[in-house]
Every structure is written in structure tokens, then in C-alpha cells.
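Trainee: I'm passing along protein_8.cif; it holds mmCIF, C-alpha atoms and all ligand atoms.
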data_data
#
loop_
_atom_site.label_atom_id
_atom_site.label_comp_id
_atom_site.auth_asym_id
_atom_site.auth_seq_id
_atom_site.Cartn_x
_atom_site.Cartn_y
_atom_site.Cartn_z
CA MET A 26 27.04 -14.19 32.01
CA ALA A 27 25.02 -12.68 29.19
CA GLU A 28 25.32 -14.45 25.88
CA VAL A 29 27.56 -12.78 23.31
CA LEU A 30 26.75 -13.17 19.63
CA THR A 31 28.34 -11.55 16.63
CA MET A 32 26.34 -10.08 13.79
CA LYS A 33 27.18 -13.06 11.61
CA GLU A 34 26.06 -15.50 14.27
CA ILE A 35 22.72 -13.80 14.88
CA LEU A 36 22.08 -13.54 11.14
CA ASP A 37 22.79 -17.25 10.67
CA LEU A 38 20.55 -18.16 13.58
CA SER A 39 17.71 -15.88 12.45
CA ALA A 40 17.88 -17.03 8.84
CA GLY A 41 17.78 -20.67 9.96
CA HIS A 42 14.79 -19.96 12.19
CA PHE A 43 12.93 -18.11 9.42
CA ASN A 44 13.73 -20.91 7.02
CA ARG A 45 12.12 -23.45 9.35
CA HIS A 46 9.07 -21.19 9.48
CA GLY A 47 8.82 -21.31 5.71
CA LEU A 48 9.70 -17.72 4.93
CA GLU A 49 10.64 -17.21 1.32
CA HIS A 50 13.63 -14.94 1.84
CA PRO A 51 14.99 -15.87 5.28
CA ARG A 52 18.45 -14.37 4.95
CA LEU A 53 17.31 -11.13 3.35
CA GLU A 54 14.67 -10.57 6.01
CA ALA A 55 17.13 -11.27 8.82
CA GLU A 56 19.49 -8.70 7.34
CA LEU A 57 16.75 -6.09 6.92
CA LEU A 58 15.66 -6.52 10.52
CA LEU A 59 19.16 -6.34 11.94
CA GLY A 60 20.02 -3.40 9.69
CA HIS A 61 16.91 -1.61 10.97
CA ILE A 62 17.95 -2.11 14.58
CA LEU A 63 21.50 -0.95 13.99
CA GLY A 64 20.62 1.84 11.57
CA LEU A 65 22.83 0.25 8.92
CA GLU A 66 22.39 -0.55 5.24
CA ARG A 67 22.64 -4.25 4.42
CA ILE A 68 26.00 -3.77 2.74
CA GLN A 69 27.38 -2.22 5.93
CA LEU A 70 26.44 -5.34 7.89
CA TYR A 71 28.88 -7.39 5.86
CA VAL A 72 31.90 -5.34 6.77
CA GLN A 73 31.10 -5.62 10.48
CA PHE A 74 30.26 -9.31 10.55
CA ASP A 75 32.43 -10.06 13.59
CA ARG A 76 31.14 -7.21 15.70
CA PRO A 77 29.49 -8.53 18.86
CA LEU A 78 25.97 -7.25 19.46
CA GLU A 79 25.09 -5.22 22.53
CA GLU A 80 22.62 -6.85 24.85
CA ASN A 81 19.80 -4.42 23.99
CA GLU A 82 20.39 -4.94 20.26
CA LEU A 83 20.21 -8.68 20.71
CA GLU A 84 17.06 -8.34 22.79
CA GLN A 85 15.38 -6.26 20.09
CA MET A 86 16.44 -8.67 17.36
CA ARG A 87 14.98 -11.56 19.36
CA GLU A 88 11.70 -9.68 19.65
CA PHE A 89 11.63 -8.94 15.90
CA ILE A 90 12.38 -12.57 15.10
CA ARG A 91 9.54 -13.72 17.34
CA ARG A 92 7.09 -11.34 15.67
CA ARG A 93 8.18 -12.25 12.16
CA ALA A 94 8.10 -16.00 12.87
CA ARG A 95 4.48 -15.57 14.06
CA GLY A 96 3.65 -14.26 10.61
CA GLU A 97 3.52 -10.52 11.24
CA PRO A 98 4.44 -8.84 7.93
CA LEU A 99 7.98 -7.52 7.67
CA ALA A 100 6.69 -4.06 6.70
CA TYR A 101 4.83 -3.69 10.01
CA ILE A 102 7.90 -4.67 12.00
CA LEU A 103 10.14 -2.30 10.05
CA GLY A 104 7.32 0.28 10.06
CA GLU A 105 8.17 1.02 6.46
CA LYS A 106 7.32 0.08 2.88
CA GLU A 107 8.37 1.43 -0.48
CA PHE A 108 5.75 2.28 -3.11
CA MET A 109 6.50 3.92 -6.47
CA SER A 110 10.09 4.26 -5.17
CA LEU A 111 8.91 6.48 -2.31
CA PRO A 112 9.10 5.64 1.41
CA PHE A 113 5.91 5.13 3.43
CA HIS A 114 5.32 4.59 7.12
CA VAL A 115 2.99 1.67 7.68
CA ASP A 116 1.46 0.04 10.71
CA SER A 117 -1.49 -2.18 11.52
CA ARG A 118 -3.94 0.68 10.83
CA VAL A 119 -3.44 0.31 7.09
CA LEU A 120 -2.95 -2.06 4.20
CA ILE A 121 0.68 -2.49 3.22
CA PRO A 122 1.00 -0.83 -0.21
CA ARG A 123 1.46 -3.47 -2.90
CA PRO A 124 3.52 -3.38 -6.08
CA GLU A 125 0.40 -4.44 -8.01
CA THR A 126 -1.21 -1.12 -7.11
CA GLU A 127 1.63 0.74 -8.81
CA HIS A 128 -0.08 -0.09 -12.10
CA LEU A 129 -3.01 2.07 -11.15
CA VAL A 130 -0.69 4.99 -10.47
CA GLU A 131 1.44 4.33 -13.57
CA ARG A 132 -1.65 4.47 -15.74
CA ALA A 133 -2.66 7.78 -14.20
CA LEU A 134 0.84 9.09 -15.00
CA GLN A 135 0.32 8.11 -18.65
CA ILE A 136 -3.02 9.90 -18.76
CA PHE A 137 -1.93 13.09 -16.98
CA GLY A 138 1.38 14.61 -17.99
CA PRO A 139 3.79 16.16 -15.47
CA ASN A 140 2.88 19.67 -16.64
CA GLU A 141 -0.87 19.28 -16.26
CA GLU A 142 -2.77 20.52 -13.24
CA PRO A 143 -5.44 17.89 -12.64
CA THR A 144 -7.52 17.53 -9.51
CA LEU A 145 -7.43 13.85 -8.59
CA ILE A 146 -9.03 11.80 -5.86
CA ASP A 147 -7.59 8.82 -4.01
CA LEU A 148 -10.58 7.10 -2.47
CA GLY A 149 -9.68 4.90 0.50
CA THR A 150 -6.20 6.30 0.80
CA GLY A 151 -4.98 4.12 3.70
CA SER A 152 -1.25 4.81 4.03
CA GLY A 153 -1.64 7.55 1.42
CA SER A 154 0.39 5.54 -1.08
CA ILE A 155 -1.66 6.45 -4.16
CA ALA A 156 -2.31 10.07 -3.17
CA VAL A 157 1.29 10.80 -2.21
CA SER A 158 2.80 9.21 -5.29
CA LEU A 159 0.37 11.05 -7.58
CA ALA A 160 1.29 14.31 -5.85
CA HIS A 161 4.99 13.51 -6.15
CA TYR A 162 5.03 12.51 -9.82
CA LEU A 163 2.46 15.11 -10.94
CA PRO A 164 3.97 18.20 -9.33
CA HIS A 165 1.14 20.53 -10.44
CA SER A 166 -1.72 18.27 -9.39
CA ARG A 167 -4.06 18.77 -6.48
CA ILE A 168 -5.08 15.63 -4.66
CA TRP A 169 -7.97 14.84 -2.38
CA ALA A 170 -7.37 11.80 -0.20
CA LEU A 171 -10.37 10.26 1.53
CA ASP A 172 -10.77 7.64 4.19
CA VAL A 173 -13.21 6.63 6.88
CA ARG A 174 -11.13 6.94 10.04
CA PRO A 175 -9.24 9.93 11.45
CA ASP A 176 -6.35 7.79 12.68
CA ILE A 177 -5.85 6.44 9.16
CA LEU A 178 -5.83 9.96 7.71
CA GLU A 179 -3.29 10.87 10.36
CA LEU A 180 -0.90 8.24 9.05
CA ALA A 181 -1.53 9.27 5.44
CA ARG A 182 -0.81 12.89 6.39
CA ASP A 183 2.48 11.81 7.99
CA ASN A 184 3.43 10.14 4.74
CA ALA A 185 2.56 13.25 2.75
CA ARG A 186 4.80 15.30 5.05
CA ARG A 187 7.55 12.75 4.82
CA ASN A 188 7.50 13.01 1.05
CA GLY A 189 7.13 16.79 0.99
CA VAL A 190 3.75 16.92 -0.76
CA GLN A 191 1.46 17.82 2.16
CA ASP A 192 0.62 21.24 0.65
CA ARG A 193 -1.09 19.72 -2.36
CA ILE A 194 -3.13 17.02 -0.64
CA ARG A 195 -6.41 17.61 1.16
CA PHE A 196 -7.22 14.89 3.65
CA ILE A 197 -10.93 14.35 3.97
CA LEU A 198 -12.80 12.16 6.41
CA GLY A 199 -15.96 10.41 5.32
CA ASP A 200 -17.88 7.58 3.78
CA LEU A 201 -16.68 6.94 0.22
CA LEU A 202 -17.05 10.13 -1.87
CA GLU A 203 -19.96 11.47 0.18
CA PRO A 204 -18.16 14.50 1.70
CA VAL A 205 -17.04 15.89 -1.68
CA LEU A 206 -20.01 15.07 -3.89
CA LYS A 207 -21.04 18.72 -4.08
CA GLU A 208 -17.50 19.93 -4.80
CA GLY A 209 -16.59 18.57 -8.22
CA PRO A 210 -16.04 18.26 -10.97
CA VAL A 211 -12.67 16.50 -10.79
CA ASP A 212 -10.39 15.16 -13.52
CA GLY A 213 -9.78 11.68 -12.15
CA ILE A 214 -10.68 9.28 -9.37
CA LEU A 215 -8.51 6.36 -8.34
CA SER A 216 -9.32 3.69 -5.81
CA ASN A 217 -8.02 0.40 -4.54
CA PRO A 218 -11.14 -0.58 -2.62
CA PRO A 219 -11.51 -3.60 -0.36
CA TYR A 220 -12.37 -6.43 -2.77
CA ILE A 221 -11.86 -9.76 -1.04
CA PRO A 222 -15.04 -11.79 -0.51
CA SER A 223 -15.70 -11.94 3.26
CA GLY A 224 -15.72 -15.75 3.28
CA GLU A 225 -12.24 -15.92 1.77
CA LEU A 226 -10.51 -13.69 4.31
CA GLU A 227 -9.82 -16.59 6.65
CA LYS A 228 -8.22 -18.62 3.88
CA LEU A 229 -5.62 -15.99 3.00
CA SER A 230 -1.96 -16.14 3.92
CA PRO A 231 -1.05 -14.98 7.44
CA GLU A 232 0.64 -11.97 5.84
CA VAL A 233 -2.72 -10.79 4.54
CA ARG A 234 -4.68 -11.81 7.62
CA TRP A 235 -2.51 -9.51 9.76
CA GLN A 236 -3.76 -6.55 7.75
CA PRO A 237 -6.93 -4.63 8.65
CA ARG A 238 -10.21 -6.21 7.65
CA LEU A 239 -11.54 -2.77 6.87
CA ALA A 240 -9.05 -2.50 4.01
CA LEU A 241 -9.75 -5.95 2.58
CA ASP A 242 -13.33 -7.04 3.13
CA GLY A 243 -15.38 -6.43 0.00
CA GLY A 244 -18.58 -8.04 1.32
CA GLN A 245 -20.08 -11.37 0.38
CA ASP A 246 -18.97 -11.39 -3.27
CA GLY A 247 -16.10 -8.93 -2.84
CA LEU A 248 -17.87 -6.50 -5.17
CA HIS A 249 -19.75 -4.45 -2.59
CA PHE A 250 -17.91 -1.16 -3.16
CA TYR A 251 -17.71 -1.03 -6.97
CA PRO A 252 -21.29 0.02 -7.83
CA LEU A 253 -21.28 2.57 -5.00
CA ILE A 254 -18.01 4.09 -6.19
CA ILE A 255 -19.03 4.07 -9.85
CA ASN A 256 -22.31 5.85 -9.11
CA GLN A 257 -20.67 8.52 -6.99
CA ALA A 258 -17.74 8.92 -9.38
CA ASP A 259 -20.15 9.49 -12.23
CA ALA A 260 -21.66 12.39 -10.32
CA LEU A 261 -18.29 13.88 -9.42
CA LEU A 262 -16.16 13.50 -12.55
CA LYS A 263 -16.12 16.08 -15.26
CA GLU A 264 -17.02 15.02 -18.77
CA GLY A 265 -14.08 12.98 -20.11
CA GLY A 266 -12.75 12.50 -16.56
CA TYR A 267 -11.16 9.19 -15.66
CA LEU A 268 -12.06 6.51 -13.14
CA GLY A 269 -9.42 3.86 -12.32
CA LEU A 270 -10.17 0.96 -10.00
CA GLU A 271 -8.02 -1.89 -8.81
CA THR A 272 -9.86 -5.22 -8.93
CA GLY A 273 -9.33 -8.75 -7.66
CA THR A 274 -8.88 -11.71 -9.99
CA GLY A 275 -11.78 -12.05 -12.41
CA GLN A 276 -13.65 -9.09 -10.97
CA ASP A 277 -13.19 -7.03 -14.12
CA GLN A 278 -15.92 -9.21 -15.62
CA ALA A 279 -18.40 -7.80 -13.15
CA VAL A 280 -17.01 -4.27 -12.91
CA GLY A 281 -16.73 -3.68 -16.69
CA PRO A 282 -20.50 -4.03 -17.26
CA LEU A 283 -21.18 -1.73 -14.29
CA LEU A 284 -19.07 0.96 -15.94
CA GLU A 285 -20.75 0.40 -19.29
CA LYS A 286 -24.21 0.58 -17.79
CA LYS A 287 -23.36 3.91 -16.23
CA GLY A 288 -22.24 5.20 -19.64
CA PHE A 289 -18.46 5.15 -19.11
CA ARG A 290 -16.49 4.82 -22.36
CA GLU A 291 -12.98 3.74 -23.40
CA ILE A 292 -13.13 0.98 -20.82
CA SER A 293 -9.76 -0.73 -20.58
CA ILE A 294 -8.36 -3.48 -18.42
CA GLU A 295 -4.72 -3.32 -17.39
CA LYS A 296 -2.60 -6.32 -16.51
CA ASP A 297 0.11 -6.39 -13.85
CA TYR A 298 3.62 -7.77 -14.34
CA SER A 299 2.42 -11.30 -13.59
CA GLY A 300 -0.18 -11.00 -16.34
CA HIS A 301 -3.15 -10.74 -13.96
CA LYS A 302 -5.87 -8.29 -14.83
CA ARG A 303 -5.34 -5.76 -12.10
CA CYS A 304 -7.19 -2.56 -12.77
CA ILE A 305 -9.98 -1.24 -14.89
CA TRP A 306 -10.36 2.26 -16.29
CA GLY A 307 -13.19 4.17 -17.86
CA ARG A 308 -13.97 7.72 -18.97
CA LYS A 309 -17.07 9.58 -18.11
CA SER A 310 -19.09 10.42 -21.23
N1 LIG A 401 -5.01 3.08 -1.11
C1 LIG A 401 -4.29 2.22 -0.23
C2 LIG A 401 -3.48 1.23 -1.05
O1 LIG A 401 -3.73 1.02 -2.19
C3 LIG A 401 -5.23 1.49 0.72
C4 LIG A 401 -6.25 0.64 0.02
C5 LIG A 401 -7.15 -0.10 0.98
O2 LIG A 401 -7.05 0.04 2.20
N2 LIG A 401 -8.02 -0.92 0.45
O3 LIG A 401 -2.53 0.66 -0.58
#
The structure given in the file should be rewritten as C-alpha cells.
Mentor:
Amino acid sequence: MAEVLTMKEILDLSAGHFNRHGLEHPRLEAELLLGHILGLERIQLYVQFDRPLEENELEQMREFIRRRARGEPLAYILGEKEFMSLPFHVDSRVLIPRPETEHLVERALQIFGPNEEPTLIDLGTGSGSIAVSLAHYLPHSRIWALDVRPDILELARDNARRNGVQDRIRFILGDLLEPVLKEGPVDGILSNPPYIPSGELEKLSPEVRWQPRLALDGGQDGLHFYPLIINQADALLKEGGYLGLETGTGQDQAVGPLLEKKGFREISIEKDYSGHKRCIWGRKS
């Protein structure tokens, strides 16, 4: 006879299993996974604790538990991640949007008011998190979102549709800013480029190692993309236009001088909620 388990039983078992695998929030993750399978909010799980699971539900939960216990990020299993309070589809094509990157967007929202009509670029858009949230919170902006692979742009376009901003985002395929260099000038350029030194990729947590190398690998010193972006941005920004870049720990010390050398002014370094220097901004003179 097939095994019968109630929701409470499967949650207890999953949470115990996740706990043994060292997950930080075993119970929460178990609830999110089960809720996803059943199409229920977490709160709704509690009122149905004694409901036995159907065999196919149990089977799917077992599969999710296996994947999560192997280190696959929760967001890939759920296919979903929130960024700037907006929902994004994610899968192994793209980096999972990170709360740290919200600082880059927040700063842009301080610079450009909701009534302005800036043209802004999200370079290396991945899931489209930066482009879509800029388009959402700056309802008169026009956004150009660039990335190097058509299948990545496809996912970003899905996310734009999902958030109802597809009409104001152009999705452009190409190497860095190359395809739009002759089109400027633009008011702002934002990017969260790959910035992890190649040699450190292996040492990162499994959560990070599951994510695409293309989105993470910043070359030998992690700084490969910054001078390229700064040079191209300088050519594309209008006078007084803004460049905002996310950086890894300590990298502002290398990126700041690059901006200065290129003549950018009002260079500022923003910290994230944990006090880490997280992004660097400059204005084209
Ligand atoms: N712009 C996307 C993000 O910030 C992807 C960045 C990347 O792939 N390096 O999440």
C-alpha cells in the first residue's frame, strides 16, 4: 500500500532532513516548497495540517527535497524570486537577483524622480531584475536591457511581460554596450557585472556555484569588466549622465580610480544594509 503522510508529517520530515543538511531555515523552506506544490500560501498550510497528501503531491515534494538537499538554490526550484518587491521568474540561465543589488536600483530612484523621462540602460540584465524594476518604479522611463545570449533575453522579456512593463523596455543582444554605442546619449547606465575572481568560484557556497559562471566570473582579478564598461559608458552617457556599478568587496578601491581617470565626477560609494560597500556611482563630466 502506498504510504500516506499528512501535511504536518511531511513538513516535519522535510525540515528535519534540511536541518541535517545544514540549511539555515529548514522549516520555512519546507513550507515554501510544499506551498508551491499545493498552490497555497504558507498560512493556509497551517489550517490544513492533518490533510493527507495525494501520491503525486508527495512524489513532487520528495523530488524537491532531493534537489534542495543537494544544494540547488530554493529560487531555482520554486522558479521564482522577489526583487524590489516584484516577482521574477528565475532558472539556471540567470543569476538569482540579490537583495544587495536593490541598492543600485534604490540609488537610481533617488537620482531620477518618478515624473522624469530618463533613458536608462541595464547592462547584463540576466533575469531583467534591474531593468524591470526601473521601468516599474520610473513609469515614464525608457529602458534598454542588454545581454549576451538570446535565451537570457527571452527570460528577461518574460519578466517584463509579467510585470506589465514590456512596452518600455528594449531588449538588445550583444557584447557589453557595443550594439548601442552609436545610439546615445543616455541619462544613466546601471550594471551588476560578473565580478568574482575566477580562482574563487570553486570556493563559493553551493548556492552560488549552482548559478551560471557567465554571470559571476569576472576574470583573474574579478575586475575584467569594469574598465571596458567605464570606457563604453563614457562614450554613451550624456554630459552629467550617471553610471552605477555593483562591486564585490574591496573592489571600489580599484574601480574608483578607473572612474576618476576617465573624468567621472561626484564619485560616491554606497553601502548595503550589512555595511559592505556595494556599489559605486559617478557622473560623466
Ligand atoms: N542584472 C542581473 C542581476 O543583477 C544579472 C547580473 C549578472 O548576471 N551578473 O541580478
Trainee: Name the residues, by chain letter and number, that sit within 6 Å of ligand LIG 401 (chain A) using only C-alpha atoms and all ligand atoms, and give them as a list of chain:residue names.
Mentor: A:Leu120, A:Ile121, A:Pro122, A:Thr126, A:Gly149, A:Thr150, A:Gly151, A:Ser152, A:Ser154, A:Ile155, A:Asn217, A:Pro218, A:Pro219, A:Ala240, A:Leu241
Trainee: I want to know what sits within 7 Å of stretch 39-43 of chain A, based on all atoms listed in the file, with residues of the same chain fewer than 3 positions away left out; could you give that as a PyMOL selection string?
Mentor: chain A and resi 35-36+46-48+51-52+55+90+94
Trainee: Quick one: residues within 8 Å of A:Pro77, all atoms listed in the file, excluding same-chain residues fewer than 4 positions away - as a list in words?
Mentor: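 Close residues of A:Pro77: Val29, Leu30, Thr31 and Met32 of chain A.
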Trainee: What gap, in Å, lies between atom CA of A:Gln135 and atom CA of A:Asp277?
Mentor: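 Here the two named atoms are 20.8 Å from each other.
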Trainee: What does the structure give for the distance between atom CA of A:Val130 and atom CA of A:Leu159, in Å to one decimal?
Mentor: 6.8 Å
Trainee: Quick one: everything within 8 Å of stretch 206-211 of chain A, counting all atoms listed in the file, minus sequence neighbours fewer than 6 positions away in the same chain. Send it as a PyMOL selection string.
Mentor: chain A and resi 143-146+257+260-263+266
Trainee: So, with all atoms listed in the file as the atoms that count, which of A:Ile168, A:Glu82, A:Leu163, A:Gln276 lies closest to A:Ile136?
Mentor: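 Closest to A:Ile136 of all the choices is A:Leu163.
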